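**Student:** Dropping in query-v9.cif, which is mmCIF, C-alpha atoms and all ligand atoms:
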```cif
data_target
#
loop_
_atom_site.label_atom_id
_atom_site.label_comp_id
_atom_site.auth_asym_id
_atom_site.auth_seq_id
_atom_site.Cartn_x
_atom_site.Cartn_y
_atom_site.Cartn_z
CA MET X 1368 -185.83 64.66 -147.31
CA GLU X 1369 -182.15 63.92 -146.80
CA TRP X 1370 -181.27 62.61 -143.35
CA ARG X 1371 -177.75 63.17 -142.07
CA ALA X 1372 -176.53 61.66 -138.81
CA SER X 1373 -174.84 64.07 -136.45
CA HIS X 1374 -174.69 62.01 -133.27
CA ILE X 1375 -173.85 58.45 -132.35
CA LEU X 1376 -176.02 56.83 -129.70
CA ILE X 1377 -174.18 55.21 -126.82
CA LYS X 1378 -176.34 52.63 -125.12
CA GLU X 1379 -174.04 51.10 -122.53
CA ARG X 1380 -170.61 51.34 -120.90
CA GLY X 1381 -168.92 48.56 -122.89
CA GLN X 1382 -169.90 50.17 -126.16
CA ALA X 1383 -168.74 53.59 -124.94
CA GLN X 1384 -165.28 52.30 -124.08
CA GLU X 1385 -164.98 50.50 -127.40
CA LEU X 1386 -165.98 53.67 -129.25
CA LEU X 1387 -163.58 55.80 -127.24
CA ARG X 1388 -160.75 53.46 -128.18
CA LYS X 1389 -161.63 53.78 -131.86
CA VAL X 1390 -161.92 57.57 -131.63
CA LYS X 1391 -158.49 57.80 -130.01
CA GLN X 1392 -157.08 55.63 -132.78
CA GLY X 1393 -158.33 58.27 -135.22
CA ALA X 1394 -161.55 56.66 -136.47
CA ARG X 1395 -163.63 59.14 -138.45
CA PHE X 1396 -167.25 59.97 -137.61
CA GLU X 1397 -168.53 58.74 -140.99
CA THR X 1398 -166.91 55.33 -140.47
CA LEU X 1399 -168.27 54.96 -136.93
CA ALA X 1400 -171.71 56.17 -138.00
CA ARG X 1401 -171.92 53.17 -140.36
CA ASP X 1402 -171.32 50.69 -137.52
CA TYR X 1403 -173.36 52.21 -134.67
CA SER X 1404 -176.86 53.59 -134.17
CA THR X 1405 -177.09 57.26 -135.05
CA CYS X 1406 -179.55 60.11 -134.78
CA PRO X 1407 -179.76 63.59 -136.26
CA SER X 1408 -179.82 65.65 -133.08
CA LYS X 1409 -178.87 65.72 -129.42
CA SER X 1410 -182.48 66.02 -128.31
CA LYS X 1411 -183.07 62.52 -129.66
CA GLY X 1412 -179.87 61.29 -128.02
CA GLY X 1413 -179.19 57.89 -126.52
CA ASP X 1414 -179.74 56.72 -122.99
CA LEU X 1415 -176.31 57.57 -121.74
CA GLY X 1416 -174.50 59.96 -123.99
CA TRP X 1417 -173.64 61.16 -127.44
CA PHE X 1418 -170.91 62.83 -129.39
CA GLY X 1419 -170.87 64.92 -132.51
CA GLU X 1420 -168.61 65.36 -135.46
CA GLY X 1421 -165.68 67.75 -135.06
CA LYS X 1422 -165.65 67.81 -131.26
CA MET X 1423 -165.56 64.10 -130.68
CA VAL X 1424 -162.74 63.37 -128.28
CA PRO X 1425 -163.22 65.86 -125.39
CA GLN X 1426 -167.03 65.54 -125.32
CA PHE X 1427 -166.94 61.81 -125.75
CA GLU X 1428 -164.33 61.41 -123.04
CA ALA X 1429 -166.48 63.45 -120.67
CA ALA X 1430 -169.51 61.28 -121.51
CA VAL X 1431 -167.54 58.08 -120.92
CA LYS X 1432 -166.16 59.44 -117.63
CA ARG X 1433 -169.71 60.18 -116.46
CA MET X 1434 -170.74 56.65 -117.41
CA GLU X 1435 -167.87 55.05 -115.52
CA ILE X 1436 -168.85 56.56 -112.19
CA SER X 1437 -172.04 55.27 -110.59
CA PRO X 1438 -174.78 57.88 -110.74
CA VAL X 1439 -175.79 59.60 -107.48
CA VAL X 1440 -178.63 61.71 -108.88
CA PHE X 1441 -181.53 60.20 -110.81
CA VAL X 1442 -183.46 62.58 -113.05
CA VAL X 1443 -186.87 61.16 -113.93
CA MET X 1444 -189.38 62.90 -116.19
CA GLY X 1445 -192.98 62.03 -116.96
CA SER X 1446 -192.61 62.31 -120.72
CA ILE X 1447 -189.86 62.88 -123.28
CA SER X 1448 -191.71 66.15 -124.00
CA ASP X 1449 -190.47 67.34 -120.57
CA LEU X 1450 -186.82 67.09 -121.65
CA ALA X 1451 -186.56 70.70 -122.85
CA VAL X 1452 -187.33 71.81 -119.28
CA MET X 1453 -185.50 69.04 -117.40
CA ASP X 1454 -182.37 69.71 -119.48
CA GLU X 1455 -181.80 72.68 -117.15
CA ALA X 1456 -181.34 70.30 -114.21
CA VAL X 1457 -179.12 68.02 -116.27
CA ALA X 1458 -176.98 70.99 -117.40
CA ILE X 1459 -176.28 71.88 -113.76
CA LEU X 1460 -175.37 68.29 -112.89
CA LYS X 1461 -172.98 68.22 -115.85
CA LYS X 1462 -171.53 71.64 -114.97
CA PHE X 1463 -170.81 70.48 -111.40
CA ASP X 1464 -169.57 67.10 -112.64
CA ILE X 1465 -172.15 65.12 -110.68
CA PRO X 1466 -172.66 61.56 -111.96
CA HIS X 1467 -176.29 61.17 -112.91
CA GLU X 1468 -178.78 59.05 -114.77
CA ILE X 1469 -181.76 60.28 -116.80
CA THR X 1470 -184.94 58.44 -117.72
CA VAL X 1471 -188.60 58.77 -118.62
CA ALA X 1472 -191.25 57.09 -116.47
CA SER X 1473 -194.87 58.08 -116.02
CA ALA X 1474 -196.89 57.74 -112.83
CA HIS X 1475 -199.98 57.30 -114.99
CA ARG X 1476 -198.81 55.55 -118.14
CA ASN X 1477 -196.38 53.04 -116.64
CA PRO X 1478 -196.73 53.27 -112.85
CA ALA X 1479 -195.02 49.90 -112.30
CA ARG X 1480 -191.80 51.27 -113.83
CA VAL X 1481 -191.95 54.33 -111.57
CA ILE X 1482 -192.31 52.13 -108.49
CA GLN X 1483 -189.43 49.93 -109.64
CA ILE X 1484 -187.16 52.96 -110.19
CA ALA X 1485 -188.03 54.48 -106.82
CA SER X 1486 -187.71 51.21 -104.89
CA ASN X 1487 -184.31 50.33 -106.39
CA ALA X 1488 -182.72 53.79 -106.44
CA GLY X 1489 -181.28 53.61 -102.90
CA LYS X 1490 -179.66 50.22 -103.34
CA ASN X 1491 -178.22 51.35 -106.69
CA GLY X 1492 -176.28 54.14 -105.00
CA ILE X 1493 -178.61 57.03 -105.85
CA LYS X 1494 -178.65 59.77 -103.19
CA VAL X 1495 -181.19 62.25 -104.59
CA ILE X 1496 -184.03 61.90 -107.08
CA ILE X 1497 -185.24 64.80 -109.25
CA ALA X 1498 -188.70 64.22 -110.72
CA GLY X 1499 -190.30 66.53 -113.27
CA ALA X 1500 -193.82 66.19 -114.65
CA GLY X 1501 -196.66 68.26 -116.01
CA HIS X 1502 -200.49 68.17 -115.91
CA ALA X 1503 -201.80 66.25 -112.84
CA ALA X 1504 -198.22 65.61 -111.83
CA HIS X 1505 -198.09 62.63 -109.51
CA LEU X 1506 -194.61 61.48 -110.48
CA ALA X 1507 -192.60 63.06 -107.65
CA GLY X 1508 -195.21 62.07 -105.07
CA VAL X 1509 -195.38 58.44 -106.19
CA ILE X 1510 -191.57 58.23 -106.20
CA ALA X 1511 -191.46 59.73 -102.69
CA ALA X 1512 -193.98 57.11 -101.57
CA HIS X 1513 -191.55 54.33 -102.53
CA THR X 1514 -188.20 55.59 -101.24
CA ILE X 1515 -186.65 57.33 -98.27
CA LEU X 1516 -184.27 59.26 -100.57
CA PRO X 1517 -184.92 63.00 -100.83
CA VAL X 1518 -187.16 63.74 -103.81
CA ILE X 1519 -187.05 67.11 -105.56
CA GLY X 1520 -190.13 67.85 -107.67
CA VAL X 1521 -190.21 70.06 -110.75
CA PRO X 1522 -193.70 71.13 -111.87
CA ILE X 1523 -193.72 71.43 -115.65
CA ASP X 1524 -195.84 73.96 -117.53
CA SER X 1525 -196.99 71.56 -120.24
CA SER X 1526 -200.79 71.85 -119.95
CA CYS X 1527 -203.25 74.61 -120.77
CA LEU X 1528 -203.18 75.56 -117.07
CA GLN X 1529 -199.50 76.47 -117.57
CA GLY X 1530 -198.15 74.64 -114.56
CA ILE X 1531 -200.67 75.70 -111.89
CA ASP X 1532 -201.96 72.12 -112.02
CA SER X 1533 -198.53 70.45 -111.77
CA LEU X 1534 -197.39 72.94 -109.12
CA PHE X 1535 -200.23 72.05 -106.76
CA SER X 1536 -200.12 68.33 -107.48
CA THR X 1537 -196.36 68.20 -106.84
CA LEU X 1538 -196.36 70.58 -103.87
CA GLN X 1539 -199.43 69.61 -101.87
CA MET X 1540 -198.18 66.32 -100.46
CA PRO X 1541 -199.92 64.89 -97.41
CA PRO X 1542 -198.00 64.86 -94.11
CA GLY X 1543 -195.38 62.10 -93.96
CA ILE X 1544 -194.34 62.07 -97.63
CA PRO X 1545 -192.38 65.23 -98.47
CA VAL X 1546 -191.45 66.42 -101.96
CA ALA X 1547 -189.13 69.44 -102.13
CA THR X 1548 -191.07 71.34 -104.79
CA MET X 1549 -189.30 73.85 -107.03
CA ALA X 1550 -190.66 76.73 -109.10
CA VAL X 1551 -192.62 75.89 -112.27
CA GLY X 1552 -190.64 75.28 -115.45
CA LYS X 1553 -187.02 75.89 -116.39
CA SER X 1554 -186.10 77.94 -113.30
CA GLY X 1555 -187.41 75.14 -111.13
CA ALA X 1556 -185.48 72.52 -113.08
CA LYS X 1557 -182.27 74.51 -112.76
CA ASN X 1558 -182.85 74.96 -109.04
CA ALA X 1559 -183.53 71.24 -108.71
CA GLY X 1560 -180.02 70.58 -110.03
CA ILE X 1561 -178.53 73.13 -107.63
CA LEU X 1562 -180.51 71.82 -104.64
CA ALA X 1563 -179.41 68.26 -105.41
CA ALA X 1564 -175.81 69.52 -105.49
CA GLN X 1565 -176.31 71.29 -102.15
CA MET X 1566 -177.62 68.08 -100.58
CA LEU X 1567 -174.63 66.11 -101.86
CA ALA X 1568 -172.26 68.89 -100.77
CA LEU X 1569 -173.13 68.20 -97.12
CA VAL X 1570 -170.64 65.33 -97.26
CA ASP X 1571 -168.60 66.35 -100.32
CA PRO X 1572 -166.04 69.16 -99.83
CA ARG X 1573 -165.32 69.29 -103.61
CA LEU X 1574 -168.93 70.14 -104.29
CA SER X 1575 -169.11 72.67 -101.41
CA LYS X 1576 -166.25 74.54 -103.00
CA ILE X 1577 -167.87 74.46 -106.44
CA LEU X 1578 -171.16 75.75 -104.99
CA ASP X 1579 -169.36 78.47 -103.07
CA ASN X 1580 -167.68 79.68 -106.26
CA TYR X 1581 -170.95 79.42 -108.18
CA LYS X 1582 -172.67 81.77 -105.70
CA LYS X 1583 -169.74 84.19 -105.70
CA GLU X 1584 -169.74 84.26 -109.51
CA MET X 1585 -173.48 85.03 -109.56
CA ALA X 1586 -173.01 87.94 -107.16
CA LEU X 1587 -170.14 89.21 -109.27
CA GLN X 1588 -172.27 89.16 -112.41
CA VAL X 1589 -174.99 91.25 -110.69
CA GLU X 1590 -172.40 93.77 -109.50
CA LYS X 1591 -171.01 93.96 -113.03
CA LYS X 1592 -174.47 94.72 -114.42
CA ALA X 1593 -175.06 97.35 -111.71
CA GLU X 1594 -171.77 98.96 -112.71
CA GLU X 1595 -172.75 98.89 -116.40
CA LEU X 1596 -176.08 100.56 -115.55
CA LYS X 1597 -174.25 103.58 -114.13
CA ALA X 1598 -173.45 104.62 -117.69
CA TYR X 1599 -177.01 103.99 -118.93
C1 LIG X 1601 -197.25 64.52 -118.06
O1 LIG X 1601 -198.04 64.89 -119.12
C2 LIG X 1601 -195.84 64.64 -118.57
O2 LIG X 1601 -194.96 64.88 -117.52
C3 LIG X 1601 -195.90 65.77 -119.53
O3 LIG X 1601 -195.55 67.02 -118.93
C4 LIG X 1601 -197.38 65.83 -119.92
C5 LIG X 1601 -197.63 65.58 -121.37
O4 LIG X 1601 -197.04 64.39 -121.80
P1 LIG X 1601 -197.01 63.99 -123.34
O5 LIG X 1601 -198.44 63.82 -123.76
O6 LIG X 1601 -196.32 65.11 -124.07
O7 LIG X 1601 -196.21 62.71 -123.38
O8 LIG X 1601 -197.53 63.23 -117.62
#
```
In structure tokens, what does this structure look like?
Ligand code: RP5
**Tutor:**
Amino acid sequence: MEWRASHILIKERGQAQELLRKVKQGARFETLARDYSTCPSKSKGGDLGWFGEGKMVPQFEAAVKRMEISPVVFVVMGSISDLAVMDEAVAILKKFDIPHEITVASAHRNPARVIQIASNAGKNGIKVIIAGAGHAAHLAGVIAAHTILPVIGVPIDSSCLQGIDSLFSTLQMPPGIPVATMAVGKSGAKNAGILAAQMLALVDPRLSKILDNYKKEMALQVEKKAEELKAY
């Protein structure tokens, strides 16, 4: 089967800036694809960003900009298979222009990495952690045990119990270690992004304004649909 690269993986800031320079000088995707790691789709994208043929400069610039500002939200998921759901949270963070970092760490498969992430997040400038996991989902709880940062949990419907298991294991934290638990699945992931933005907005007037407009726009859309239904 023929394999055609559509995205270039960007692994770290230095490389991103170097690539951006080349793109601005008019380097073509095919040329760059020979010199850097590539992958066929966004879902297999690099740690920090990607850009595709034809829409290189604006998207790439946005990715580089995000990389230049220290992340304030850390999105952690139990498995790469959770990405399709957790992408909803990431989409909100991107929409609101909130610097963030994304990674995979499992409370069961590599608990030491989870503890390291949670213990270092505060000193690395992170303000809120979003943790999504499925099955017996202990990720958010374990993270909350190792940090005083607010932790937002997203139960993922990845098992045959369709999220009932992850909902209870994320939600039912013992007194003293709270996890702000969202709805199961994509709605929960989206709300996790919005709740993180609301937390940050407490001390960020730019974000308060964005959230205000976001709510107004949602109300407007409902009114528009109600109006459309009159002619139904
Ligand atoms: C959980 O187990 C993960 O969060 C994921 O939802 C689920 C399945 O993981 P994979 O077997 O797909 O890696 O820990």
**Student:** Using all atoms listed in the file, can you tell me which of X:Lys1494, X:Lys1462, X:His1475, X:Lys1591 comes closest to ligand LIG 1601 (chain X)?
**Tutor:**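 Comparing X:Lys1494, X:Lys1462, X:His1475, X:Lys1591 against ligand LIG 1601 (chain X), the winner is X:His1475.
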**Student:** Using all atoms listed in the file, determine which residues lie at most 10 Å from Thr1514 in chain X, disregarding the query and same-chain residues fewer than 4 positions distant; provide the list as a list in words.
**Tutor:** Ile1482, Ile1484, Ala1485, Ser1486, Asn1487, Ala1488, Gly1489, Ile1496, Val1509, Ile1510, Val1518 and Ile1544 of chain X
**Student:** Please, could you write that set of residues out with C-alpha atoms as a PDB file, keeping the file's coordinate frame?
**Tutor:**
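File produced: part27.pdb:
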```pdb
ATOM      1  CA  ILE X1482    -192.310  52.130-108.490  1.00  0.00           C
ATOM      2  CA  ILE X1484    -187.160  52.960-110.190  1.00  0.00           C
ATOM      3  CA  ALA X1485    -188.030  54.480-106.820  1.00  0.00           C
ATOM      4  CA  SER X1486    -187.710  51.210-104.890  1.00  0.00           C
ATOM      5  CA  ASN X1487    -184.310  50.330-106.390  1.00  0.00           C
ATOM      6  CA  ALA X1488    -182.720  53.790-106.440  1.00  0.00           C
ATOM      7  CA  GLY X1489    -181.280  53.610-102.900  1.00  0.00           C
ATOM      8  CA  ILE X1496    -184.030  61.900-107.080  1.00  0.00           C
ATOM      9  CA  VAL X1509    -195.380  58.440-106.190  1.00  0.00           C
ATOM     10  CA  ILE X1510    -191.570  58.230-106.200  1.00  0.00           C
ATOM     11  CA  VAL X1518    -187.160  63.740-103.810  1.00  0.00           C
ATOM     12  CA  ILE X1544    -194.340  62.070 -97.630  1.00  0.00           C
TER      13      ILE X1544
END
```
**Student:** Measuring atom to atom with all atoms listed in the file, identify which of X:Lys1490, X:Lys1592, X:Lys1553, X:Lys1389 is nearest to Pro1438 in chain X.
**Tutor:**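 Checking each of X:Lys1490, X:Lys1592, X:Lys1553, X:Lys1389 against Pro1438 in chain X, counting all atoms listed in the file, the winner is X:Lys1490.
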**Student:** Find the spatial neighbours of range 1579-1583 of chain X, counting all atoms listed in the file, within a cut-off of 12 Å - ignore same-chain residues fewer than 2 positions away - and output them as a ChimeraX atom specification.
**Tutor:** /X:1459,1462-1463,1561,1564-1565,1568,1572-1577,1585-1590
**Student:** So which residues are near ligand LIG 1601 (chain X), meaning at most 9 Å away with all atoms listed in the file counted, given back as a PyMOL selection string?
**Tutor:** chain X and resi 1444-1449+1471-1476+1499-1506+1522-1526+1533
**Student:** Enter the distance from CA of Leu1578 in chain X to CA of Ala1456 in chain X, in Å, rounded to one decimal.
**Tutor:**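 It comes out at 14.8 Å.
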**Student:** Here is a test: counting all atoms listed in the file, which residue of X:Val1481, X:Ile1465, X:Leu1376, X:Ala1512 is nearest to Gly1560 in chain X?
**Tutor:** X:Ile1465
**Student:** Output as AutoDock Vina command-line options the centre and edge lengths (Å, one decimal) of the box along x, y and z of the file that holds every listed atom of range 1553-1567 of chain X after adding 5 Å on each side.
**Tutor:**
```
--center_x -181.0 --center_y 72.0 --center_z -108.5 --size_x 22.8 --size_y 21.8 --size_z 25.8
```
**Student:** Select, from X:Leu1528, X:Leu1399, X:Ala1550, X:Ile1519, the residue with the minimum atom-to-atom distance to Met1566 in chain X, counting only C-alpha atoms.
**Tutor:** X:Ile1519
**Student:** Between CA of Ala1511 in chain X and CA of Ala1451 in chain X, what distance in Å does the model show, to one decimal?
**Tutor:**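 Rounded to one decimal, the two atoms are 23.5 Å apart.
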**Student:** Quick check, in Å to one decimal: how far apart do CA of Gly1552 in chain X and CA of Leu1569 in chain X lie?
**Tutor:**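 Value for the CA of Gly1552 in chain X-CA of Leu1569 in chain X distance: 26.3 Å.
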**Student:** Pick the closest to Ala1507 in chain X from X:Leu1596, X:Val1442, X:Ala1458, X:Val1390: which is it, counting all atoms listed in the file?
**Tutor:** X:Val1442
**Student:** Please output range 1552-1567 of chain X, rebuilt to include N, CA and C atoms, as a CSV table (one decimal), in the frame of the given file.
**Tutor:**
```
chain,number,residue,atom,x,y,z
X,1552,GLY,N,-191.4,75.1,-114.2
X,1552,GLY,CA,-190.6,75.3,-115.4
X,1552,GLY,C,-189.1,75.3,-115.3
X,1553,LYS,N,-188.5,76.0,-116.3
X,1553,LYS,CA,-187.0,75.9,-116.4
X,1553,LYS,C,-186.3,76.4,-115.1
X,1554,SER,N,-186.8,77.5,-114.5
X,1554,SER,CA,-186.1,77.9,-113.3
X,1554,SER,C,-186.1,76.9,-112.2
X,1555,GLY,N,-187.3,76.2,-112.1
X,1555,GLY,CA,-187.4,75.1,-111.1
X,1555,GLY,C,-186.5,74.0,-111.4
X,1556,ALA,N,-186.4,73.6,-112.7
X,1556,ALA,CA,-185.5,72.5,-113.1
X,1556,ALA,C,-184.0,72.9,-112.8
X,1557,LYS,N,-183.6,74.1,-113.1
X,1557,LYS,CA,-182.3,74.5,-112.8
X,1557,LYS,C,-182.0,74.5,-111.2
X,1558,ASN,N,-183.0,75.0,-110.5
X,1558,ASN,CA,-182.8,75.0,-109.0
X,1558,ASN,C,-182.8,73.5,-108.5
X,1559,ALA,N,-183.5,72.6,-109.1
X,1559,ALA,CA,-183.5,71.2,-108.7
X,1559,ALA,C,-182.1,70.7,-108.8
X,1560,GLY,N,-181.4,71.0,-109.9
X,1560,GLY,CA,-180.0,70.6,-110.0
X,1560,GLY,C,-179.1,71.2,-108.9
X,1561,ILE,N,-179.4,72.5,-108.7
X,1561,ILE,CA,-178.5,73.1,-107.6
X,1561,ILE,C,-178.8,72.6,-106.2
X,1562,LEU,N,-180.1,72.4,-106.0
X,1562,LEU,CA,-180.5,71.8,-104.6
X,1562,LEU,C,-179.9,70.4,-104.5
X,1563,ALA,N,-180.0,69.6,-105.5
X,1563,ALA,CA,-179.4,68.3,-105.4
X,1563,ALA,C,-177.9,68.4,-105.1
X,1564,ALA,N,-177.2,69.3,-105.7
X,1564,ALA,CA,-175.8,69.5,-105.5
X,1564,ALA,C,-175.6,70.0,-104.0
X,1565,GLN,N,-176.5,70.8,-103.5
X,1565,GLN,CA,-176.3,71.3,-102.2
X,1565,GLN,C,-176.5,70.1,-101.2
X,1566,MET,N,-177.4,69.2,-101.5
X,1566,MET,CA,-177.6,68.1,-100.6
X,1566,MET,C,-176.4,67.2,-100.6
X,1567,LEU,N,-175.8,67.0,-101.8
X,1567,LEU,CA,-174.6,66.1,-101.9
X,1567,LEU,C,-173.4,66.8,-101.2
```
